[in-house]
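Encoded as structure tokens, the structure appears first; notes follow it.
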Amino acid sequence: MADTKRIKQSIYFWIFRAMSMMVVFILVAILYFIVSRGIGVINWDFLTKSPEEGMVKGGIFPAIVGTLVLIAGSLIFAFPVGVFSAIYLNEYMKKGKVKSFLQLMTNNLAGVPSVVFGLFGMALFVNKLKFGDSIIAGSLTLGLLVLPVIIRTTEEALKAVDDNYRLASYAMGASKLYTIKKVILPIALPDIITGLILSIGRVSGETAPILFTVAAYFLPKLPHSIFDQVMALPYHLYVLATSGTNIEKARPVAFGTALVLVMIVLFTNIIANVVRAYYNKKYKK
Amino acid sequence: MIKKILNNFQVGVLAVSSFITSIVVLLIIIFLFKEGSGVFSKSLLEDGYVLVVNSRNTVNSIAPKDIKNIFDQKIISWKELGGADSAIQLFSIDDISEYYSEEQIGSDLEYMDTCINNYIVNHPSVLAYFPKKNIAKKFNGKEIKVGTMGLYEFVKGREWLPTARPVVQMGILPLILGTLMVSLGAILLALPFGLVTAIYMAEIAHPVWRRIMKPVIELLAGIPSVVFGFFGLIVIVPMVQKVCHIDVGETALAGSIVLGIMALPTIISIAEDAIRNVPNNMREASLALGATQWQTIRSVVIPYAKSGIWAGIILGVGRAVGETMAVLMVTGNASNMPTTFLQPVRTIPATIAAELGETSAGGLHYSALFALGCVLFLMTMVLNVYVQVALKKKSK
């Protein structure tokens, strides 16, 4: 009896192992594909020059700058709002209809497809508020898109903080706000930062929301104000891959652009993990 | 005193922030539906054109679908439209030189309007289609009212030809089916692998393995969809073409594969987190009762983590339904009714992304794309709300 149980277990475990390895293999293969084909293209000129000769030569500097601007623009808006929102939802609101409604809405916003954000951003920021295709319209659209991500991860982080910390702090006479600032947030910080990192990755790669709010096909100049258009890496890759004047000739540049996008995600993840490890050391022991 | 005000102010800021997502959802609904509703009130006739009949013709209005059938020669008699029993005689401004000489029209087309008018008066069963500006000053024809589109036609229409002439066809059924088909395929491919990997990482794998897998999967969750689309275009599409022996690899299947791969990290990370959040004493209690690790996973850990696992699946589905760029790049975007996975299909998000740039703000096509946005929004909203309600019932 005990034997059949063991055998059954090991059969299941081997199936699980094999399928998991397949998944990892597929994912690593994609990474390898992008890295191996893109690495030869990337050099200093590629990163610091403008596109040349109908975008089949030269670099992608304006697109890199555009994407960095959009990351900064959207997170300046979304990070504080998201964290504040999560703090209020988790620490202040009592369980009830209002709270579950607000959480439902946050989850709904998270489920809204990115292209709908694009439509909304175009209708509200570009047309209604007359920002035109601009950094501010694109940043706000992207900011709204990542807001639920930040709220959710922050909320999870706050929920994971042991209630005893709160009670201990109150018992020492600390106010609620003081407890949040000095006790809860520091403990939750590593996880909140993980959420922030996830959103940087998301913002840098989103194409559909910026198609109609900010992205430019080709701009040799860098933006001067928040009402300028910018090029952006994901849109640039889309253009190179599908609609350039010479798609085959543009392939190397496309691979380079894809690799730069992947690198942004890679570096932000590494930084996030370093931060998480550092804080975990500091607070959890 | 000042401290208290400051304190209240800070809490106030927090409170206001917590309402922002609700306000945004509300604004999205308002804008989407406001712009989208235009599709039901605007004329389907090409902008600036009119349809005109002889003034004695008893037909006053023609449904948009019938107009297309007339120009496709599928309706040939006025009788089918409730008029006299005579064949419909189509007249378009491009044909004017067949009926009138250059002298009659005038070298600067100055008599064009009169010629058109004369033609309509002389032909009792004519259906003329020409620019509004060519209506003569003493006009003797009768302008046909073109009905607007109803919700039923919009949802059930089988043709999506938003730039067709003389009337556009805006049936979104093929787009809805295309979206459902690609997403369903993606989830069917991703679900078994995703769940198994999540369980493996959380419960079975050696910690060292987990420490290697976790960052790889986290990293891939962050890879932009356009990169996946690019990968799909260069690797998956040719592969599908070769393996399935078809002429064009850009198919629903290619879309499903790419989307399935994209949904994997989402499903895995969230389900894995949920499983790891199961308290250890649950596992220990089960193991202490003599259950094997597998029995513990199946009967204790997974049921406990169910809600979190569901969240992962739903996020995966939502990502698939709304995914735009990758699908746009690999599915071929043919807007015909999909029948098999080996056919090019066109999804709702891909349609919006591909066509919005060509439209003018406020026009019929623009409105139609917003209406498509409404449909997409409703699809994901229903999915979301349903799951959240189901989760709540379970947890009670």
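A note on labels: chains of the structure tokens are A, B, ... as shown, every chain counts residues from 1, and ligands are counted from 1 in their shown order.
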Q: Could you pull out the residues in region 153-315 of chain B that DSSP calls strand (DSSP E) from the backbone, as a list in words?
A: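 Residues of region 153-315 of chain B classed as strand (DSSP E): Trp160, Leu161, Gln169 and Met170 of chain B.
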What would the file look like if the residues just selected were written as a PDB file, in the first residue's frame with N, CA and C atoms?
ATOM      1  N   TRP B 160     -16.314  42.631 -41.953  1.00  0.00           N
ATOM      2  CA  TRP B 160     -15.692  43.838 -41.417  1.00  0.00           C
ATOM      3  C   TRP B 160     -14.927  44.507 -42.551  1.00  0.00           C
ATOM      4  N   LEU B 161     -15.599  45.468 -43.217  1.00  0.00           N
ATOM      5  CA  LEU B 161     -14.966  46.212 -44.303  1.00  0.00           C
ATOM      6  C   LEU B 161     -15.187  47.694 -44.034  1.00  0.00           C
ATOM      7  N   GLN B 169     -19.086  48.080 -44.253  1.00  0.00           N
ATOM      8  CA  GLN B 169     -19.640  46.923 -43.573  1.00  0.00           C
ATOM      9  C   GLN B 169     -18.922  46.795 -42.236  1.00  0.00           C
ATOM     10  N   MET B 170     -19.677  46.853 -41.172  1.00  0.00           N
ATOM     11  CA  MET B 170     -19.047  46.792 -39.863  1.00  0.00           C
ATOM     12  C   MET B 170     -19.649  45.710 -38.998  1.00  0.00           C
TER      13      MET B 170
END
Q: Excluding Leu44 (chain B) and residues on its chain fewer than 5 positions from it, collect all residues at most 10 Å away from it, counting only C-alpha atoms, and give them as a list in words.
A: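 Answer for this query is Val39, Ala63, Pro64, Lys65, Val146, Gly147, Thr148, Met149, Pro162, Ala164, Arg165, Pro166, Val167, Val168, Gln169, Met170, Leu364 and His365 of chain B.
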Q) Could you write out as a PyMOL selection string the residues of chain A within 6 Å of chain B, counting only C-alpha atoms? A) chain A and resi 9+16+20+81+84-85+88+105-106+111+113+116+120+201+205+258
**Q.** For CA of Gly40 (chain A) and CA of Val56 (chain A), the interatomic separation in Å (one decimal)
**A.** 15.0 Å
Leaving out Thr141 (chain A) and any residue of its chain fewer than 3 positions from it, which residues lie within 7 Å of it when counting only C-alpha atoms, given as an mmCIF file with N, CA, C and O atoms, in the first residue's frame?
data_model
loop_
_atom_site.group_PDB
_atom_site.id
_atom_site.type_symbol
_atom_site.label_atom_id
_atom_site.label_comp_id
_atom_site.auth_asym_id
_atom_site.auth_seq_id
_atom_site.Cartn_x
_atom_site.Cartn_y
_atom_site.Cartn_z
ATOM 1 N N PHE A 117 -6.525 51.094 -23.072
ATOM 2 C CA PHE A 117 -5.868 52.260 -22.497
ATOM 3 C C PHE A 117 -5.444 53.217 -23.602
ATOM 4 O O PHE A 117 -5.523 54.433 -23.453
ATOM 5 N N GLY A 121 -6.641 56.890 -23.678
ATOM 6 C CA GLY A 121 -5.651 57.960 -23.651
ATOM 7 C C GLY A 121 -5.832 58.904 -24.838
ATOM 8 O O GLY A 121 -5.709 60.114 -24.716
ATOM 9 N N ALA A 137 0.694 62.995 -22.582
ATOM 10 C CA ALA A 137 -0.436 62.104 -22.865
ATOM 11 C C ALA A 137 -0.008 60.646 -22.747
ATOM 12 O O ALA A 137 -0.698 59.826 -22.129
ATOM 13 N N GLY A 138 1.157 60.323 -23.302
ATOM 14 C CA GLY A 138 1.645 58.948 -23.252
ATOM 15 C C GLY A 138 1.974 58.506 -21.838
ATOM 16 O O GLY A 138 1.636 57.399 -21.419
ATOM 17 N N LEU A 144 -1.626 55.174 -15.838
ATOM 18 C CA LEU A 144 -2.895 54.545 -15.462
ATOM 19 C C LEU A 144 -2.823 53.041 -15.654
ATOM 20 O O LEU A 144 -3.378 52.270 -14.875
ATOM 21 N N LEU A 145 -2.101 52.652 -16.685
ATOM 22 C CA LEU A 145 -1.980 51.219 -16.987
ATOM 23 C C LEU A 145 -1.264 50.457 -15.879
ATOM 24 O O LEU A 145 -1.652 49.345 -15.533
ATOM 25 N N PRO A 209 -0.593 51.232 -25.904
ATOM 26 C CA PRO A 209 -1.056 52.493 -25.313
ATOM 27 C C PRO A 209 -0.344 53.719 -25.877
ATOM 28 O O PRO A 209 -0.887 54.818 -25.809
#
Q.
As an exercise, work out the distance from CA of Ser61 (chain B) to CA of Ala371 (chain B) in Å and give it to one decimal place.
A.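 Value for the CA of Ser61 (chain B)-CA of Ala371 (chain B) distance: 25.1 Å.
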Q: Compile the contact shell of Val126 (chain A) as JSON, numbers by chain: residues with an atom at most 12 Å away, counting only C-alpha atoms, same-chain residues fewer than 5 positions apart removed.
A: {"A": [118, 119, 120, 121, 131, 132, 133, 134, 135, 136, 137, 138, 139, 140, 141, 209, 210, 211, 212, 213, 214, 227, 229], "B": [361]}
Q) Near region 339-347 of chain B, within 7 Å and counting only C-alpha atoms, which residues show up once chain neighbours fewer than 3 positions away are dropped, as a PyMOL selection string? A) chain B and resi 175-176+178-179+250-253+331-335+350-351
Same residues, C-alpha atoms, output as a CSV table (one decimal), in the first residue's frame:
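Listing of again_28.csv after writing:
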chain,number,residue,atom,x,y,z
B,175,LEU,CA,-13.3,39.7,-35.0
B,176,ILE,CA,-15.0,38.4,-31.8
B,178,GLY,CA,-11.0,35.5,-33.9
B,179,THR,CA,-10.3,36.9,-30.5
B,250,GLU,CA,0.5,33.7,-40.1
B,251,THR,CA,-2.4,31.9,-38.6
B,252,ALA,CA,-4.6,31.6,-35.5
B,253,LEU,CA,-2.3,28.8,-34.4
B,331,THR,CA,-2.0,36.2,-37.0
B,332,GLY,CA,-2.1,37.6,-40.5
B,333,ASN,CA,-5.1,39.9,-39.7
B,334,ALA,CA,-7.5,38.7,-42.4
B,335,SER,CA,-11.0,39.8,-41.3
B,350,ALA,CA,-5.3,44.0,-33.4
B,351,THR,CA,-8.0,45.6,-35.4
Determine, counting only C-alpha atoms, which protein, DNA and RNA residues have an atom within 7 Å of an atom of Gly59 (chain A); residues of the same chain fewer than 4 positions away are not included. Present the result as a CSV table (one decimal) with N, CA, C and O atoms, in the first residue's frame.
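Output (out-v9.csv):
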chain,number,residue,atom,x,y,z
A,45,ASP,N,28.0,53.1,-31.0
A,45,ASP,CA,27.3,53.9,-32.0
A,45,ASP,C,25.8,53.5,-32.1
A,45,ASP,O,25.0,54.4,-32.3
A,46,PHE,N,25.5,52.2,-32.0
A,46,PHE,CA,24.1,51.8,-32.1
A,46,PHE,C,23.3,52.5,-31.0
A,46,PHE,O,22.1,52.9,-31.2
A,47,LEU,N,23.9,52.6,-29.8
A,47,LEU,CA,23.2,53.2,-28.7
A,47,LEU,C,23.1,54.7,-28.6
A,47,LEU,O,22.3,55.3,-28.0
A,48,THR,N,24.0,55.3,-29.4
A,48,THR,CA,24.1,56.8,-29.3
A,48,THR,C,23.9,57.5,-30.5
A,48,THR,O,24.0,58.7,-30.6
A,49,LYS,N,23.5,56.8,-31.6
A,49,LYS,CA,23.3,57.5,-32.9
A,49,LYS,C,21.8,57.4,-33.3
A,49,LYS,O,21.1,56.5,-32.9
A,50,SER,N,21.4,58.4,-34.1
A,50,SER,CA,20.1,58.3,-34.7
A,50,SER,C,20.0,57.3,-35.8
A,50,SER,O,21.0,57.0,-36.4
A,51,PRO,N,18.8,56.9,-36.1
A,51,PRO,CA,18.6,56.0,-37.3
A,51,PRO,C,19.0,56.7,-38.6
A,51,PRO,O,18.9,57.9,-38.7
As a PDB file with all heavy atoms, in the first residue's frame, please: every residue in region 21-60 of chain A that DSSP puts in alpha helix (DSSP H).
ATOM      1  N   MET A  21      10.757  21.505 -17.014  1.00  0.00           N
ATOM      2  CA  MET A  21      11.996  21.694 -17.767  1.00  0.00           C
ATOM      3  C   MET A  21      11.695  22.181 -19.180  1.00  0.00           C
ATOM      4  O   MET A  21      12.398  23.015 -19.737  1.00  0.00           O
ATOM      5  CB  MET A  21      12.786  20.377 -17.836  1.00  0.00           C
ATOM      6  CG  MET A  21      13.420  19.954 -16.531  1.00  0.00           C
ATOM      7  SD  MET A  21      14.402  21.254 -15.766  1.00  0.00           S
ATOM      8  CE  MET A  21      13.537  21.499 -14.238  1.00  0.00           C
ATOM      9  N   MET A  22      10.603  21.662 -19.741  1.00  0.00           N
ATOM     10  CA  MET A  22      10.209  22.107 -21.077  1.00  0.00           C
ATOM     11  C   MET A  22       9.901  23.599 -21.082  1.00  0.00           C
ATOM     12  O   MET A  22      10.323  24.335 -21.975  1.00  0.00           O
ATOM     13  CB  MET A  22       8.972  21.333 -21.539  1.00  0.00           C
ATOM     14  CG  MET A  22       9.268  20.329 -22.617  1.00  0.00           C
ATOM     15  SD  MET A  22       7.768  19.437 -23.017  1.00  0.00           S
ATOM     16  CE  MET A  22       7.154  20.429 -24.354  1.00  0.00           C
ATOM     17  N   VAL A  23       9.157  24.014 -20.075  1.00  0.00           N
ATOM     18  CA  VAL A  23       8.810  25.434 -19.978  1.00  0.00           C
ATOM     19  C   VAL A  23      10.072  26.277 -19.885  1.00  0.00           C
ATOM     20  O   VAL A  23      10.244  27.254 -20.624  1.00  0.00           O
ATOM     21  CB  VAL A  23       7.902  25.690 -18.750  1.00  0.00           C
ATOM     22  CG1 VAL A  23       7.789  27.177 -18.469  1.00  0.00           C
ATOM     23  CG2 VAL A  23       6.536  25.085 -18.973  1.00  0.00           C
ATOM     24  N   VAL A  24      10.969  25.872 -18.982  1.00  0.00           N
ATOM     25  CA  VAL A  24      12.208  26.635 -18.820  1.00  0.00           C
ATOM     26  C   VAL A  24      13.001  26.630 -20.125  1.00  0.00           C
ATOM     27  O   VAL A  24      13.529  27.655 -20.552  1.00  0.00           O
ATOM     28  CB  VAL A  24      13.064  26.050 -17.677  1.00  0.00           C
ATOM     29  CG1 VAL A  24      14.423  26.740 -17.624  1.00  0.00           C
ATOM     30  CG2 VAL A  24      12.343  26.201 -16.362  1.00  0.00           C
ATOM     31  N   PHE A  25      13.023  25.493 -20.788  1.00  0.00           N
ATOM     32  CA  PHE A  25      13.760  25.409 -22.044  1.00  0.00           C
ATOM     33  C   PHE A  25      13.205  26.392 -23.076  1.00  0.00           C
ATOM     34  O   PHE A  25      13.955  27.118 -23.727  1.00  0.00           O
ATOM     35  CB  PHE A  25      13.699  23.980 -22.597  1.00  0.00           C
ATOM     36  CG  PHE A  25      14.300  23.866 -23.961  1.00  0.00           C
ATOM     37  CD1 PHE A  25      15.681  23.835 -24.113  1.00  0.00           C
ATOM     38  CD2 PHE A  25      13.501  23.825 -25.092  1.00  0.00           C
ATOM     39  CE1 PHE A  25      16.247  23.749 -25.362  1.00  0.00           C
ATOM     40  CE2 PHE A  25      14.063  23.749 -26.353  1.00  0.00           C
ATOM     41  CZ  PHE A  25      15.441  23.704 -26.490  1.00  0.00           C
ATOM     42  N   ILE A  26      11.869  26.419 -23.211  1.00  0.00           N
ATOM     43  CA  ILE A  26      11.256  27.330 -24.189  1.00  0.00           C
ATOM     44  C   ILE A  26      11.611  28.778 -23.864  1.00  0.00           C
ATOM     45  O   ILE A  26      12.032  29.555 -24.734  1.00  0.00           O
ATOM     46  CB  ILE A  26       9.726  27.157 -24.210  1.00  0.00           C
ATOM     47  CG1 ILE A  26       9.361  25.784 -24.769  1.00  0.00           C
ATOM     48  CG2 ILE A  26       9.066  28.256 -25.047  1.00  0.00           C
ATOM     49  CD1 ILE A  26       7.898  25.451 -24.630  1.00  0.00           C
ATOM     50  N   LEU A  27      11.463  29.126 -22.585  1.00  0.00           N
ATOM     51  CA  LEU A  27      11.709  30.515 -22.207  1.00  0.00           C
ATOM     52  C   LEU A  27      13.179  30.890 -22.412  1.00  0.00           C
ATOM     53  O   LEU A  27      13.492  31.967 -22.933  1.00  0.00           O
ATOM     54  CB  LEU A  27      11.298  30.722 -20.751  1.00  0.00           C
ATOM     55  CG  LEU A  27       9.803  30.508 -20.462  1.00  0.00           C
ATOM     56  CD1 LEU A  27       9.479  30.792 -19.007  1.00  0.00           C
ATOM     57  CD2 LEU A  27       8.924  31.369 -21.356  1.00  0.00           C
ATOM     58  N   VAL A  28      14.070  29.979 -22.029  1.00  0.00           N
ATOM     59  CA  VAL A  28      15.496  30.263 -22.211  1.00  0.00           C
ATOM     60  C   VAL A  28      15.844  30.328 -23.700  1.00  0.00           C
ATOM     61  O   VAL A  28      16.646  31.164 -24.125  1.00  0.00           O
ATOM     62  CB  VAL A  28      16.355  29.198 -21.491  1.00  0.00           C
ATOM     63  CG1 VAL A  28      17.823  29.353 -21.855  1.00  0.00           C
ATOM     64  CG2 VAL A  28      16.195  29.337 -19.982  1.00  0.00           C
ATOM     65  N   ALA A  29      15.192  29.482 -24.482  1.00  0.00           N
ATOM     66  CA  ALA A  29      15.457  29.489 -25.924  1.00  0.00           C
ATOM     67  C   ALA A  29      15.089  30.847 -26.535  1.00  0.00           C
ATOM     68  O   ALA A  29      15.821  31.365 -27.382  1.00  0.00           O
ATOM     69  CB  ALA A  29      14.680  28.367 -26.605  1.00  0.00           C
ATOM     70  N   ILE A  30      13.978  31.412 -26.083  1.00  0.00           N
ATOM     71  CA  ILE A  30      13.586  32.726 -26.607  1.00  0.00           C
ATOM     72  C   ILE A  30      14.634  33.770 -26.241  1.00  0.00           C
ATOM     73  O   ILE A  30      15.081  34.556 -27.081  1.00  0.00           O
ATOM     74  CB  ILE A  30      12.209  33.134 -26.055  1.00  0.00           C
ATOM     75  CG1 ILE A  30      11.132  32.199 -26.596  1.00  0.00           C
ATOM     76  CG2 ILE A  30      11.885  34.583 -26.437  1.00  0.00           C
ATOM     77  CD1 ILE A  30       9.770  32.444 -26.011  1.00  0.00           C
ATOM     78  N   LEU A  31      15.040  33.747 -24.976  1.00  0.00           N
ATOM     79  CA  LEU A  31      16.064  34.692 -24.530  1.00  0.00           C
ATOM     80  C   LEU A  31      17.339  34.519 -25.349  1.00  0.00           C
ATOM     81  O   LEU A  31      17.911  35.501 -25.828  1.00  0.00           O
ATOM     82  CB  LEU A  31      16.390  34.439 -23.056  1.00  0.00           C
ATOM     83  CG  LEU A  31      15.554  35.154 -22.015  1.00  0.00           C
ATOM     84  CD1 LEU A  31      16.135  34.898 -20.637  1.00  0.00           C
ATOM     85  CD2 LEU A  31      15.531  36.640 -22.297  1.00  0.00           C
ATOM     86  N   TYR A  32      17.759  33.264 -25.504  1.00  0.00           N
ATOM     87  CA  TYR A  32      18.994  32.989 -26.227  1.00  0.00           C
ATOM     88  C   TYR A  32      18.898  33.497 -27.658  1.00  0.00           C
ATOM     89  O   TYR A  32      19.833  34.100 -28.187  1.00  0.00           O
ATOM     90  CB  TYR A  32      19.286  31.484 -26.224  1.00  0.00           C
ATOM     91  CG  TYR A  32      20.475  31.124 -27.067  1.00  0.00           C
ATOM     92  CD1 TYR A  32      21.765  31.347 -26.592  1.00  0.00           C
ATOM     93  CD2 TYR A  32      20.311  30.600 -28.346  1.00  0.00           C
ATOM     94  CE1 TYR A  32      22.864  31.046 -27.375  1.00  0.00           C
ATOM     95  CE2 TYR A  32      21.412  30.304 -29.139  1.00  0.00           C
ATOM     96  CZ  TYR A  32      22.682  30.526 -28.647  1.00  0.00           C
ATOM     97  OH  TYR A  32      23.773  30.243 -29.427  1.00  0.00           O
ATOM     98  N   PHE A  33      17.736  33.263 -28.263  1.00  0.00           N
ATOM     99  CA  PHE A  33      17.511  33.684 -29.648  1.00  0.00           C
ATOM    100  C   PHE A  33      17.700  35.193 -29.796  1.00  0.00           C
ATOM    101  O   PHE A  33      18.432  35.659 -30.674  1.00  0.00           O
ATOM    102  CB  PHE A  33      16.096  33.278 -30.058  1.00  0.00           C
ATOM    103  CG  PHE A  33      15.708  33.710 -31.423  1.00  0.00           C
ATOM    104  CD1 PHE A  33      16.211  33.059 -32.536  1.00  0.00           C
ATOM    105  CD2 PHE A  33      14.843  34.778 -31.602  1.00  0.00           C
ATOM    106  CE1 PHE A  33      15.845  33.461 -33.797  1.00  0.00           C
ATOM    107  CE2 PHE A  33      14.476  35.178 -32.868  1.00  0.00           C
ATOM    108  CZ  PHE A  33      14.985  34.524 -33.963  1.00  0.00           C
ATOM    109  N   ILE A  34      17.052  35.943 -28.912  1.00  0.00           N
ATOM    110  CA  ILE A  34      17.142  37.404 -29.001  1.00  0.00           C
ATOM    111  C   ILE A  34      18.576  37.869 -28.707  1.00  0.00           C
ATOM    112  O   ILE A  34      19.136  38.697 -29.434  1.00  0.00           O
ATOM    113  CB  ILE A  34      16.171  38.067 -27.993  1.00  0.00           C
ATOM    114  CG1 ILE A  34      14.722  37.681 -28.300  1.00  0.00           C
ATOM    115  CG2 ILE A  34      16.344  39.585 -28.002  1.00  0.00           C
ATOM    116  CD1 ILE A  34      14.150  38.261 -29.543  1.00  0.00           C
ATOM    117  N   VAL A  35      19.167  37.305 -27.658  1.00  0.00           N
ATOM    118  CA  VAL A  35      20.505  37.748 -27.262  1.00  0.00           C
ATOM    119  C   VAL A  35      21.532  37.400 -28.340  1.00  0.00           C
ATOM    120  O   VAL A  35      22.319  38.240 -28.762  1.00  0.00           O
ATOM    121  CB  VAL A  35      20.909  37.119 -25.908  1.00  0.00           C
ATOM    122  CG1 VAL A  35      22.374  37.433 -25.599  1.00  0.00           C
ATOM    123  CG2 VAL A  35      20.016  37.632 -24.800  1.00  0.00           C
ATOM    124  N   SER A  36      21.479  36.153 -28.837  1.00  0.00           N
ATOM    125  CA  SER A  36      22.517  35.736 -29.775  1.00  0.00           C
ATOM    126  C   SER A  36      22.449  36.505 -31.085  1.00  0.00           C
ATOM    127  O   SER A  36      23.468  36.826 -31.686  1.00  0.00           O
ATOM    128  CB  SER A  36      22.408  34.233 -30.044  1.00  0.00           C
ATOM    129  OG  SER A  36      21.195  33.967 -30.712  1.00  0.00           O
ATOM    130  N   ARG A  37      21.222  36.820 -31.513  1.00  0.00           N
ATOM    131  CA  ARG A  37      21.108  37.541 -32.789  1.00  0.00           C
ATOM    132  C   ARG A  37      21.310  39.040 -32.626  1.00  0.00           C
ATOM    133  O   ARG A  37      21.640  39.735 -33.578  1.00  0.00           O
ATOM    134  CB  ARG A  37      19.743  37.278 -33.428  1.00  0.00           C
ATOM    135  CG  ARG A  37      19.426  35.813 -33.679  1.00  0.00           C
ATOM    136  CD  ARG A  37      20.006  35.288 -34.974  1.00  0.00           C
ATOM    137  NE  ARG A  37      19.413  35.841 -36.164  1.00  0.00           N
ATOM    138  CZ  ARG A  37      18.402  35.298 -36.821  1.00  0.00           C
ATOM    139  NH1 ARG A  37      17.829  34.207 -36.376  1.00  0.00           N
ATOM    140  NH2 ARG A  37      17.941  35.849 -37.921  1.00  0.00           N
ATOM    141  N   GLY A  38      21.078  39.534 -31.415  1.00  0.00           N
ATOM    142  CA  GLY A  38      21.137  40.988 -31.222  1.00  0.00           C
ATOM    143  C   GLY A  38      22.491  41.480 -30.760  1.00  0.00           C
ATOM    144  O   GLY A  38      22.860  42.630 -30.991  1.00  0.00           O
ATOM    145  N   TRP A  44      28.589  50.995 -29.222  1.00  0.00           N
ATOM    146  CA  TRP A  44      28.396  52.356 -28.725  1.00  0.00           C
ATOM    147  C   TRP A  44      27.618  53.215 -29.733  1.00  0.00           C
ATOM    148  O   TRP A  44      26.718  53.964 -29.358  1.00  0.00           O
ATOM    149  CB  TRP A  44      29.759  52.979 -28.398  1.00  0.00           C
ATOM    150  CG  TRP A  44      29.632  54.293 -27.718  1.00  0.00           C
ATOM    151  CD1 TRP A  44      30.012  55.502 -28.210  1.00  0.00           C
ATOM    152  CD2 TRP A  44      29.046  54.527 -26.423  1.00  0.00           C
ATOM    153  NE1 TRP A  44      29.702  56.475 -27.307  1.00  0.00           N
ATOM    154  CE2 TRP A  44      29.103  55.910 -26.195  1.00  0.00           C
ATOM    155  CE3 TRP A  44      28.456  53.705 -25.455  1.00  0.00           C
ATOM    156  CZ2 TRP A  44      28.603  56.507 -25.039  1.00  0.00           C
ATOM    157  CZ3 TRP A  44      27.959  54.293 -24.300  1.00  0.00           C
ATOM    158  CH2 TRP A  44      28.045  55.659 -24.095  1.00  0.00           C
ATOM    159  N   ASP A  45      27.984  53.080 -31.021  1.00  0.00           N
ATOM    160  CA  ASP A  45      27.299  53.876 -32.042  1.00  0.00           C
ATOM    161  C   ASP A  45      25.807  53.545 -32.102  1.00  0.00           C
ATOM    162  O   ASP A  45      24.966  54.421 -32.257  1.00  0.00           O
ATOM    163  CB  ASP A  45      27.916  53.613 -33.423  1.00  0.00           C
ATOM    164  CG  ASP A  45      29.192  54.414 -33.616  1.00  0.00           C
ATOM    165  OD1 ASP A  45      29.502  55.218 -32.698  1.00  0.00           O
ATOM    166  OD2 ASP A  45      29.865  54.236 -34.644  1.00  0.00           O
ATOM    167  N   PHE A  46      25.506  52.247 -31.987  1.00  0.00           N
ATOM    168  CA  PHE A  46      24.106  51.814 -32.068  1.00  0.00           C
ATOM    169  C   PHE A  46      23.281  52.469 -30.961  1.00  0.00           C
ATOM    170  O   PHE A  46      22.130  52.857 -31.161  1.00  0.00           O
ATOM    171  CB  PHE A  46      24.031  50.288 -31.947  1.00  0.00           C
ATOM    172  CG  PHE A  46      22.660  49.725 -32.109  1.00  0.00           C
ATOM    173  CD1 PHE A  46      22.059  49.681 -33.359  1.00  0.00           C
ATOM    174  CD2 PHE A  46      21.952  49.240 -31.020  1.00  0.00           C
ATOM    175  CE1 PHE A  46      20.786  49.164 -33.523  1.00  0.00           C
ATOM    176  CE2 PHE A  46      20.687  48.716 -31.173  1.00  0.00           C
ATOM    177  CZ  PHE A  46      20.109  48.683 -32.432  1.00  0.00           C
ATOM    178  N   LEU A  47      23.890  52.609 -29.794  1.00  0.00           N
ATOM    179  CA  LEU A  47      23.156  53.157 -28.651  1.00  0.00           C
ATOM    180  C   LEU A  47      23.118  54.681 -28.639  1.00  0.00           C
ATOM    181  O   LEU A  47      22.300  55.283 -27.953  1.00  0.00           O
ATOM    182  CB  LEU A  47      23.771  52.649 -27.339  1.00  0.00           C
ATOM    183  CG  LEU A  47      23.735  51.135 -27.140  1.00  0.00           C
ATOM    184  CD1 LEU A  47      24.464  50.749 -25.859  1.00  0.00           C
ATOM    185  CD2 LEU A  47      22.302  50.624 -27.090  1.00  0.00           C
ATOM    186  N   THR A  48      24.024  55.322 -29.389  1.00  0.00           N
ATOM    187  CA  THR A  48      24.115  56.776 -29.257  1.00  0.00           C
ATOM    188  C   THR A  48      23.857  57.532 -30.548  1.00  0.00           C
ATOM    189  O   THR A  48      23.964  58.745 -30.590  1.00  0.00           O
ATOM    190  CB  THR A  48      25.525  57.171 -28.760  1.00  0.00           C
ATOM    191  OG1 THR A  48      26.474  56.602 -29.644  1.00  0.00           O
ATOM    192  CG2 THR A  48      25.765  56.677 -27.343  1.00  0.00           C
TER     193      THR A  48
END
Q: Fewer than 4 positions away in the same chain doesn't count, so skip those; otherwise give me all residues within 7 Å of Ala188 (chain A), counting only C-alpha atoms, as a PyMOL selection string.
A: chain A and resi 157-158+161+184+192
**Q.** Counting only C-alpha atoms, the residue of A:Pro252, A:Gly73, A:Pro148, A:Gly195 that sits nearest Ala110 (chain A)
**A.**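 Nearest to Ala110 (chain A): A:Pro148.
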Q | Point-to-point distance from CA of Asp66 (chain B) to CA of Trp78 (chain B), Å rounded to tenths | A |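 Interatomic distance, CA of Asp66 (chain B) to CA of Trp78 (chain B): 11.0 Å.
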